[in-house]
Each structure stands twice: as structure tokens, then as C-alpha cells.
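J.: Can you keep this structure in mind? I'll have questions shortly.
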Amino acid sequence: MLPRHLFQGLRPFAARSAARSGAVRGMTASALAAIALLGATESAQAATLQVGNGAEPGTLDPQQVSGNWESRITRELFDRLIDYGADGSLVPGLASSWELSDDGTTYTFHLREAEWSDGEPLTADDAVYGFRRLLMPETANHNANLYYPIVNARAINTGQAPPETLGVEALDDQTLVIRLSEPTAYFLQALAMTEAAPLPRHLIEGGPDEWTRPGVMVSSGAFVLADWRPQDRIEVERNPRYYAADEVALDGVVFHAIEDPSAALNRFRAGDLDISYSGVPSSRFSWVQDNLPDALKVGPLTGSYFYMANVRGGQPLSDARIREALNLALRREVITERLIGMGQTPSYWYVPRSVSGSSQGRLGLGDEPLAAADMPARLARARQLLEQAGYGPERPLRLTLSYNTLEDHKKIAVAIAAMWKPLGVELELINREAAVHFATLRQGDFELARYGMIATVDDPFDFLNAYATGGSAATSTGFDDPDYDELVRRSTLELDPAKRAALMTEAEQRLLDANVLLPIYDYISAHLVSPRVQGWQSTALDVHPLRYVSKPVSKPATEDDGGRGDDGDDDGDDDGGKRQETQP
């Protein structure tokens with residue numbers, strides 16, 4: 001038998017015969033109770049949910065999305081072999097059950113009898129097609145290296161082997177086998193990610209190029225795409241061919257593209273939104289706590305807010321001394337306690353401390369943890385490093401800092417620029433709309449850039465792998481360290497939890513010692529959810545499957561809060577990445 005930690009976070013699942021009876025597996029008691037209550041009055045409860053979703057999606061191709069404002073939609077459209085329950089735990093999805101070989105390298109999945117929304121059978125061949133497409137170089141999936149444990153995955157993704165050699169095989173229409181080159185602790189969690197969904201080969205290969213358009217896309221999830229009005233809204237409707245359609249309480253969902261948290265707050269107060277994922281403006285957070293306590297949902301979030309440095313040769317930040325100086329002079333507590341003040345934890349590390357089995361790397365000043373070092377000593381060392389690199393007040397270092405347009409991102413950037421100015425660092429701020437900002441980062445066209453990374457896998461590997469060769473952060477920044485890569489690779493092979501944690505800590509420490517990023521804080525989630533909405537739960541991975549959510553059709557009058565016209569002057573994070581899901 002394999003060690004228990006390989007299955008951490010995964011609920012026991014029923015045998016195939018029972019799973020195919022149509023009952024929901026692995027659901028929480030609260031979710032079951034909510035659905036039981038809805039069952040008797042489904043027609044009375046069915047309604048359309050209005051969601052403030054943050055930025056405008058760049059795509060709805062589940063293998064090309066990169067932001068949580070995109071994957072939040074694609075998770076509803078495309079089911080995976082393994083799903084999330086209402087509480088964020090892993091539950092059976094299109095696969096009703098599975099087995100793992102004693103050596104931990106072969107998974108056998110038994111698929112449900114399911115259909116695409118156009119009535120075509122959904123088979124194991126669709127899963128094979130999805131995995132092959134995911135790893136093809138031209139797909140350019142930014143999480144592809146999470147799937148490198150699959151036999152030949154790395155070679156396919158780097159163009160050294162054809163997709164047909166991938167270690168994924170359909171034994172028959174309902175049986176899928178995935179072969180790994182080594183046991184991988186996080187692999188089942190990776191299968192719950194949106195890019196791991198089976199795809200409709202009959203549509204993609206035989207249909208139009210833009211297969212994700214309304215009226216063209218076919219889906220396997222609880223909802224189907226009905227309409228897409230760019231920069232306005234995306235509408236989805238309940239999928240009658242979904243295998244658990246009778247258990248979906250909502251008729252549909254409207255995802256509104258509202259990037260401005262203040263605008264989202266106003267619309268929520270007006271009753272136009274049932275849920276706002278656009279965040280809460282930091283300047284209004286206390287007001288919301290006092291006036292909308294039943295709606296404000298603040299919870300832990302496994303994510304990191306940081307600045308990434310372009311370390312390619314010829315870039316100003318290719319000099320490690322400069323990067324270290326900037327890290328030393330960054331006053332994180334000022335940002336979290338005075339500027340934002342919503343409960344974020346100042347970060348002197350890369351991997352959030354809330355990650356299960358977290359590594360324990362940390363920034364330091366000599367042998368002393370940086371968090372414990374006094375500021376005069378930190379600033380003295382920062383000045384010395386900049387002088388060694390040839391910069392100072394008489395010869396200023398001029399840098400550009402890119403961030404996506406949100407008022408709190410601007411506030412943080414302005415504050416950090418003020419912290420660095422006495423050292424002779426002149427920071428030019430460049431703001432862009434979210435989709436443009438993250439596309440620019442992927443192209444490596446920046447010097448210093450704001451980034452948010454939210455875990456999609458509750459494992460330190462999810463973060464560390466981003467800076468390994470082929471990872472999203474390594475690709476953006478030009479970071480290349482074979483020794484770091486080897487530490488990350490070895491951590492995936494180690495089954496002893498203590499030894500694995502030590503390897504991941506060593507890898508993280510190597511990254512921090514190189515100062516290739518400037519950690520600022522660990523995230524929290526701050527969402528607005530109407531008390532009318534039932535079945536919604538805060539989760540550390542910020543996943544909220546809408547198949548478990550319901551709301552009454554009738555819309556009660558909105559409360560008079562005595563100040564609706566004042567939306568404040570500042571916008572807050574609607575972070576609430578990815579890793580591998582970048583955050584607006």
C-alpha cells in the first residue's frame with residue numbers, strides 16, 4: 001500500500017457499481033442537506049445567479065486560461081475526472097472510481113456513462129485526446145509541467161516525441177489508464193484542474209477554429225455557454241445532459257466582467273450581484289465589516305502576492321545584488337497593516353505558510369531571519385549592495401514596475417517606490433488591463449512586475465515548479481538553475497513526508513537566496529456573497545462549484561446602508577493566480 005499522504009485531502013470513493021447509480025459521491029453533509037431541501041421545491045428555487053467575476057476572460061479554452069477569473073467559468077463548463085466538492089475537497093467527477101497500483105505509477109479510472117451537451121457520448125478517448133492536446137507545444141499550456149510525471153509528457157511538451165507516445169490509454173469507452181514515470185504525491189489534485197478536462201475531439205478536430213464561441217462550444221459540465229458579450233458578461237445555462245443535472249439547482253449564471261472592486265461593491269449593494277469575486281476595496285473594508293457582516297466572506301487563501309524580477313542577461317535586475325537590496329528595503333508590515341489592513345500576512349517567503357506540508361524557506365540578513373532584523377541594519381546593507389552595483393542617490397537606478405490596473409495594486413506600488421527612493425531607486429509605474437499585463441509577463445517584456453499566484457494544488461510543488469525550467473514563472477523571468485530543478489524533481493519522487501519537506505525547503509531557500517522574487521504578503525480571500533445564496537463555502541483554493549449553489553427566485557429589497565453613493569477612492573484586490581492561476 002502507498003503512504004497515506006499520497007491521498008491527502010481525498011475522500012473515500014464508492015465502488016463502481018454504486019457510483020454509477022447517479023448518487024453524488026464524496027459530498028459534504030451540508031451540501032447533501034442543501035440538495036435534499038431543494039429536491040422538493042426545485043422549480044421554486046431555480047434561478048439565475050449574478051456573479052461579479054473580475055477581469056474580462058481572454059479565452060474559454062480550458063487549456064489556455066491562466067487567470068482565476070477564466071478558470072472560474074471553465075470549471076463550470078468542463079468536468080474533469082476528479083472534481084471539487086462544495087468544501088473544496090476532491091470528489092469523483094467524470095470518473096466514478098479509480099484504482100492505483102501498488103507501486104504508485106498506474107491509475108485506472110472508470111468513467112461514468114456521460115454525454116457531451118450535443119448528445120455525443122463522452123468516452124475515455126476524449127480524455128486521451130485532452131491530455132495529448134494539453135501537452136502539445138503549440139497549446140502552450142502554462143501548467144503543462146505539472147503533468148510531466150506522465151510517461152513521455154516532458155518529451156512531448158518539448159517537441160521531442162509525438163503526442164501518441166503519451167502514457168495515457170483508453171482500454172475501452174469507460175476505462176482510462178494513466179501511467180506515471182514515478183509516484184507523484186499531488187497528481188490527483190492536478191486532475192481536478194481545468195486544463196485536465198476531457199475535450200470534445202469530434203468538435204475541435206472537425207469543426208470551426210473558434211470552437212469556444214456561444215452556439216458552437218459543447219460542454220461536459222453542469223452548465224453550457226449561452227452568450228458572451230466582451231467586456232460585459234458571459235452567460236451560462238444549466239446543461240440538461242450533465243450526468244447530475246437533476247442535482248443542479250440554478251437555471252443559469254451570469255458572470256459580469258467587473259474589474260473595479262468599488263464598482264462591484266456598489267452593484268452588490270444595489271442588489272445587482274449575488275456574489276462578487278472582484279474583491280473589497282481596502283478603503284471600504286471596515287465599512288463593509290460593519291454594514292455587510294453577513295455578506296462579507298473572509299477566509300484563508302493559499303496564495304502569494306509578490307513582485308517578480310526579470311533576471312535575463314542585460315536586464316537591470318540580472319544583478320543579484322540589486323535584487324537583494326530591493327528585498328531588504330521593502331517594509332512589508334507597512335503594506336499589510338497600514339496600507340491594506342485586511343488581515344494579509346507579511347511574507348518573507350515564497351510558498352504560502354498555509355500550504356499543506358509547506359516548505360520553510362525564508363529571506364534572511366546573514367544568519368538572521370529578515371523579519372527579525374532591524375530596519376536600520378537592513379537599509380545599511382541595501383545601500384552597500386547598491387553601491388557595489390554602481391548605484392546610489394548620485395547615480396540613481398531607474399526601473400520600471402508593471403502592474404495590472406487596480407487601485408490597491410497602485411497604492412502598494414507607490415508605497416514601495418517611496419521606500420526605495422532614499423536608496424537612489426527611481427521607479428516608473430506602468431499599469432495595464434489584466435489580460436494585457438499577464439500576456440506581457442508571459443512574453444518576458446518587463447523589468448519588475450506585480451504577480452499573484454494562487455495554488456490549484458495544495459502542495460508546495462505547485463509554487464516551486466513554477467520557477468523550474470518550463471514553469472510559468474521561469475519562462476516569464478528567465479530564471480534558470482539546474483540545481484534548483486533537480487531539488488524540485490527529487491521532491492516529487494520522495495514519499496517520506498519529512499524528507500520531502502526538507503527537499504522542498506532546500507529548493508525554496510535556493511530561490512530566496514537568489515532573490516529572484518520579492519515576496520510581499522500571503523493572500524486572504526474577501527468575497528461578497530448575498531445571504532440569499534445557499535451552498536456557497538469559503539475554501540483555501542478559492543474554488544466554489546456552482547452545482548452545489550442555489551438562491552430563491554424572489555429578490556428581496558436591498559437594505560438602506562445610508563451611504564450607497566460613496567464608493568470610496570480606492571480599489572482593492574480582487575485576488576482572493578496559480579500558482580498557476582494568476583490574479584487580477
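Just remember, in the C-alpha cells the first chain shown is A, the second B, etc., residues are 1-based per chain, and ligands are 1-based in the order shown.
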Taking only C-alpha atoms into account, produce a table as a Markdown table in which each residue of region 121-197 of chain A with an atom at most 6 Å from an atom of region 106-111 of chain A appears once, together with its shortest atom pair and the distance in Å to one decimal, ordered by chain and rising number.
T.:
```
| residue | atom | partner | partner_atom | distance |
| --- | --- | --- | --- | --- |
| A:Gln174 | CA | A:Leu111 | CA | 4.7 |
| A:Thr175 | CA | A:His110 | CA | 4.9 |
| A:Leu176 | CA | A:Phe109 | CA | 5.1 |
| A:Val177 | CA | A:Thr108 | CA | 4.6 |
| A:Ile178 | CA | A:Tyr107 | CA | 5.2 |
| A:Arg179 | CA | A:Thr106 | CA | 4.6 |
```
J.: Please identify all polymer residues within 12 Å of region 491-493 of chain A, counting only C-alpha atoms, omitting same-chain residues fewer than 5 positions from it, and present them as a PyMOL selection string.
T.: chain A and resi 6+103-105+146-149+180-187+357+359+459-462+464-465+484-486+498-508
J.: Quick one: contact table of region 205-301 of chain A to region 52-62 of chain A, 9 Å max, nearest atom pair and distance in Å to one decimal per residue, counting only C-alpha atoms, chain and number order, as CSV?
T.:
```
residue,atom,partner,partner_atom,distance
A:Trp211,CA,A:Asp61,CA,8.5
A:Thr212,CA,A:Leu60,CA,6.1
A:Arg213,CA,A:Leu60,CA,8.5
A:Pro230,CA,A:Glu56,CA,7.2
A:Gln231,CA,A:Glu56,CA,5.6
A:Asp232,CA,A:Glu56,CA,7.7
A:Arg233,CA,A:Glu56,CA,8.2
A:Val254,CA,A:Gly52,CA,8.4
A:Phe255,CA,A:Asn53,CA,5.6
A:His256,CA,A:Gly52,CA,4.9
A:Ala257,CA,A:Glu56,CA,5.1
A:Ile258,CA,A:Gly54,CA,4.8
A:Glu259,CA,A:Gly54,CA,4.3
A:Asp260,CA,A:Gly54,CA,7.5
A:Pro261,CA,A:Gly54,CA,8.2
A:Ala264,CA,A:Gly52,CA,6.5
A:Arg267,CA,A:Gly52,CA,8.8
A:Phe268,CA,A:Gly52,CA,8.4
A:Leu273,CA,A:Gly52,CA,6.4
A:Asp274,CA,A:Gly52,CA,8.1
A:Ile275,CA,A:Gly52,CA,6.1
A:Ser276,CA,A:Gly52,CA,4.3
A:Tyr277,CA,A:Asn53,CA,5.2
A:Ser278,CA,A:Gly54,CA,4.6
A:Gly279,CA,A:Gly54,CA,8.2
```
J.: What are the DSSP strand (DSSP E or B) residues of region 52-118 of chain A, as a list in words?
T.: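 DSSP-assigned strand (DSSP E or B) residues in region 52-118 of chain A: Gly52, Gly54, Gly67, Ile82, Asp83, Tyr84, Leu90, Val91, Pro92, Ala95, Ser96, Ser97, Trp98, Glu99, Leu100, Thr106, Tyr107, Thr108, Phe109, His110, Leu111, Ala114 and Glu115 of chain A.
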J.: Mind pulling up the distance from CA of Ala325 (chain A) to CA of Arg378 (chain A)?
T.: 8.4 Å
J.: List every residue of region 304-545 of chain A that DSSP, applied to the backbone, labels as alpha helix (DSSP H), and write the result as number ranges by chain.
T.: A: 320-328, 332-333, 375-388, 407-420, 434-442, 461-464, 472-477, 482-493, 497-513
J.: Can you list, as a PyMOL selection string, every protein, DNA or RNA residue that comes within 6 Å of Arg547 (chain A) when you count only C-alpha atoms, leaving out same-chain residues fewer than 2 positions away?
T.: chain A and resi 248+545+549
J.: For those residues, write N, CA, C and O atoms to a file as a PDB file, in the first residue's frame.
T.:
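Output (selection.pdb):
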```
ATOM      1  N   VAL A 248     -28.528  20.005  -9.953  1.00  0.00           N
ATOM      2  CA  VAL A 248     -28.105  21.389 -10.150  1.00  0.00           C
ATOM      3  C   VAL A 248     -29.315  22.282  -9.929  1.00  0.00           C
ATOM      4  O   VAL A 248     -30.314  22.188 -10.637  1.00  0.00           O
ATOM      5  N   PRO A 545     -17.743  25.352  -6.567  1.00  0.00           N
ATOM      6  CA  PRO A 545     -18.553  24.753  -7.628  1.00  0.00           C
ATOM      7  C   PRO A 545     -20.014  25.189  -7.528  1.00  0.00           C
ATOM      8  O   PRO A 545     -20.652  25.041  -6.473  1.00  0.00           O
ATOM      9  N   VAL A 549     -24.775  25.283  -5.462  1.00  0.00           N
ATOM     10  CA  VAL A 549     -25.277  26.588  -5.029  1.00  0.00           C
ATOM     11  C   VAL A 549     -26.716  26.787  -5.494  1.00  0.00           C
ATOM     12  O   VAL A 549     -27.105  26.345  -6.574  1.00  0.00           O
TER      13      VAL A 549
END
```
J.: To one decimal in Å, tell me the separation between CA of Asn152 (chain A) and CA of Ser66 (chain A).
T.: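 If I compute the distance from CA of Asn152 (chain A) to CA of Ser66 (chain A), I get 23.9 Å.
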J.: Skip Ala466 (chain A) itself and residues of its chain fewer than 3 positions away, then list as a list in words all residues within 10 Å of it, counting only C-alpha atoms.
T.: His142, Asn143, Asn145, Leu146, Met453, Phe461, Asp462, Phe463, Thr469, Gly470, Gly471, Ser472, Ala473, Ala474, Thr475, Ser476, Lys578, Arg579 and Gln580 of chain A
J.: Would you list the contacts of region 443-452 of chain A as a VMD selection string, taking every protein, DNA or RNA residue within 10 Å and counting only C-alpha atoms, but skipping same-chain residues closer than 6 positions in sequence?
T.: chain A and resid 67 303 to 312 315 to 318 399 to 404 409 412 to 413 427 429 to 431 437 473 to 478 517 to 523 575 to 584
J.: Name all residues at most 9 Å from Leu328 (chain A) (count only C-alpha atoms; drop same-chain ones fewer than 6 positions away) and give them as a PyMOL selection string.
T.: chain A and resi 363-365+370+375+378-379+381-382
J.: Restricting the output to all heavy atoms, write the selected residues as a PDB file, in the first residue's frame.
T.:
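Result file is part-v4.pdb:
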```
ATOM      1  N   LEU A 363      13.568  34.586   3.688  1.00  0.00           N
ATOM      2  CA  LEU A 363      14.583  35.591   3.422  1.00  0.00           C
ATOM      3  C   LEU A 363      15.380  35.852   4.693  1.00  0.00           C
ATOM      4  O   LEU A 363      14.845  35.742   5.802  1.00  0.00           O
ATOM      5  CB  LEU A 363      13.934  36.885   2.944  1.00  0.00           C
ATOM      6  CG  LEU A 363      13.268  36.861   1.561  1.00  0.00           C
ATOM      7  CD1 LEU A 363      12.450  38.129   1.358  1.00  0.00           C
ATOM      8  CD2 LEU A 363      14.305  36.706   0.457  1.00  0.00           C
ATOM      9  N   GLY A 364      16.646  36.229   4.520  1.00  0.00           N
ATOM     10  CA  GLY A 364      17.468  36.487   5.690  1.00  0.00           C
ATOM     11  C   GLY A 364      18.441  37.623   5.467  1.00  0.00           C
ATOM     12  O   GLY A 364      18.658  38.083   4.341  1.00  0.00           O
ATOM     13  N   LEU A 365      19.020  38.077   6.548  1.00  0.00           N
ATOM     14  CA  LEU A 365      20.118  39.031   6.537  1.00  0.00           C
ATOM     15  C   LEU A 365      21.267  38.347   7.262  1.00  0.00           C
ATOM     16  O   LEU A 365      21.297  38.278   8.493  1.00  0.00           O
ATOM     17  CB  LEU A 365      19.730  40.335   7.233  1.00  0.00           C
ATOM     18  CG  LEU A 365      20.827  41.412   7.324  1.00  0.00           C
ATOM     19  CD1 LEU A 365      21.331  41.801   5.937  1.00  0.00           C
ATOM     20  CD2 LEU A 365      20.325  42.632   8.076  1.00  0.00           C
ATOM     21  N   LEU A 370      15.126  37.714   8.015  1.00  0.00           N
ATOM     22  CA  LEU A 370      14.936  39.110   7.643  1.00  0.00           C
ATOM     23  C   LEU A 370      13.827  39.762   8.455  1.00  0.00           C
ATOM     24  O   LEU A 370      13.913  40.954   8.800  1.00  0.00           O
ATOM     25  CB  LEU A 370      14.627  39.206   6.144  1.00  0.00           C
ATOM     26  CG  LEU A 370      14.568  40.614   5.562  1.00  0.00           C
ATOM     27  CD1 LEU A 370      15.874  41.359   5.782  1.00  0.00           C
ATOM     28  CD2 LEU A 370      14.222  40.555   4.074  1.00  0.00           C
ATOM     29  N   MET A 375      15.362  47.515  10.886  1.00  0.00           N
ATOM     30  CA  MET A 375      15.351  48.217   9.613  1.00  0.00           C
ATOM     31  C   MET A 375      16.632  49.001   9.345  1.00  0.00           C
ATOM     32  O   MET A 375      17.122  49.003   8.197  1.00  0.00           O
ATOM     33  CB  MET A 375      14.118  49.110   9.516  1.00  0.00           C
ATOM     34  CG  MET A 375      13.937  49.751   8.140  1.00  0.00           C
ATOM     35  SD  MET A 375      13.929  48.555   6.746  1.00  0.00           S
ATOM     36  CE  MET A 375      12.430  47.636   7.125  1.00  0.00           C
ATOM     37  N   ARG A 378      19.055  46.628   7.857  1.00  0.00           N
ATOM     38  CA  ARG A 378      18.629  46.223   6.518  1.00  0.00           C
ATOM     39  C   ARG A 378      18.939  47.311   5.493  1.00  0.00           C
ATOM     40  O   ARG A 378      19.442  47.032   4.399  1.00  0.00           O
ATOM     41  CB  ARG A 378      17.134  45.895   6.532  1.00  0.00           C
ATOM     42  CG  ARG A 378      16.811  44.601   7.253  1.00  0.00           C
ATOM     43  CD  ARG A 378      15.335  44.444   7.572  1.00  0.00           C
ATOM     44  NE  ARG A 378      14.474  44.559   6.397  1.00  0.00           N
ATOM     45  CZ  ARG A 378      13.152  44.345   6.413  1.00  0.00           C
ATOM     46  NH1 ARG A 378      12.560  44.002   7.567  1.00  0.00           N
ATOM     47  NH2 ARG A 378      12.432  44.468   5.328  1.00  0.00           N
ATOM     48  N   LEU A 379      18.637  48.563   5.847  1.00  0.00           N
ATOM     49  CA  LEU A 379      18.869  49.656   4.903  1.00  0.00           C
ATOM     50  C   LEU A 379      20.362  49.891   4.673  1.00  0.00           C
ATOM     51  O   LEU A 379      20.781  50.207   3.547  1.00  0.00           O
ATOM     52  CB  LEU A 379      18.197  50.927   5.411  1.00  0.00           C
ATOM     53  CG  LEU A 379      16.664  50.904   5.425  1.00  0.00           C
ATOM     54  CD1 LEU A 379      16.121  52.198   6.033  1.00  0.00           C
ATOM     55  CD2 LEU A 379      16.107  50.719   4.016  1.00  0.00           C
ATOM     56  N   ARG A 381      22.704  47.641   4.728  1.00  0.00           N
ATOM     57  CA  ARG A 381      23.167  46.587   3.815  1.00  0.00           C
ATOM     58  C   ARG A 381      22.644  46.845   2.394  1.00  0.00           C
ATOM     59  O   ARG A 381      23.375  46.631   1.422  1.00  0.00           O
ATOM     60  CB  ARG A 381      22.683  45.225   4.324  1.00  0.00           C
ATOM     61  CG  ARG A 381      23.007  44.042   3.420  1.00  0.00           C
ATOM     62  CD  ARG A 381      24.507  43.901   3.175  1.00  0.00           C
ATOM     63  NE  ARG A 381      24.798  42.724   2.371  1.00  0.00           N
ATOM     64  CZ  ARG A 381      25.934  42.544   1.713  1.00  0.00           C
ATOM     65  NH1 ARG A 381      26.894  43.468   1.773  1.00  0.00           N
ATOM     66  NH2 ARG A 381      26.122  41.454   0.992  1.00  0.00           N
ATOM     67  N   ALA A 382      21.409  47.320   2.267  1.00  0.00           N
ATOM     68  CA  ALA A 382      20.853  47.605   0.948  1.00  0.00           C
ATOM     69  C   ALA A 382      21.662  48.696   0.246  1.00  0.00           C
ATOM     70  O   ALA A 382      21.980  48.587  -0.952  1.00  0.00           O
ATOM     71  CB  ALA A 382      19.392  48.028   1.080  1.00  0.00           C
TER      72      ALA A 382
END
```
J.: Could you tell me how far CA of Asp458 (chain A) sits from CA of Asp496 (chain A), in Å to one decimal place?
T.: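 Between CA of Asp496 (chain A) and CA of Asp458 (chain A) the gap is 17.1 Å.
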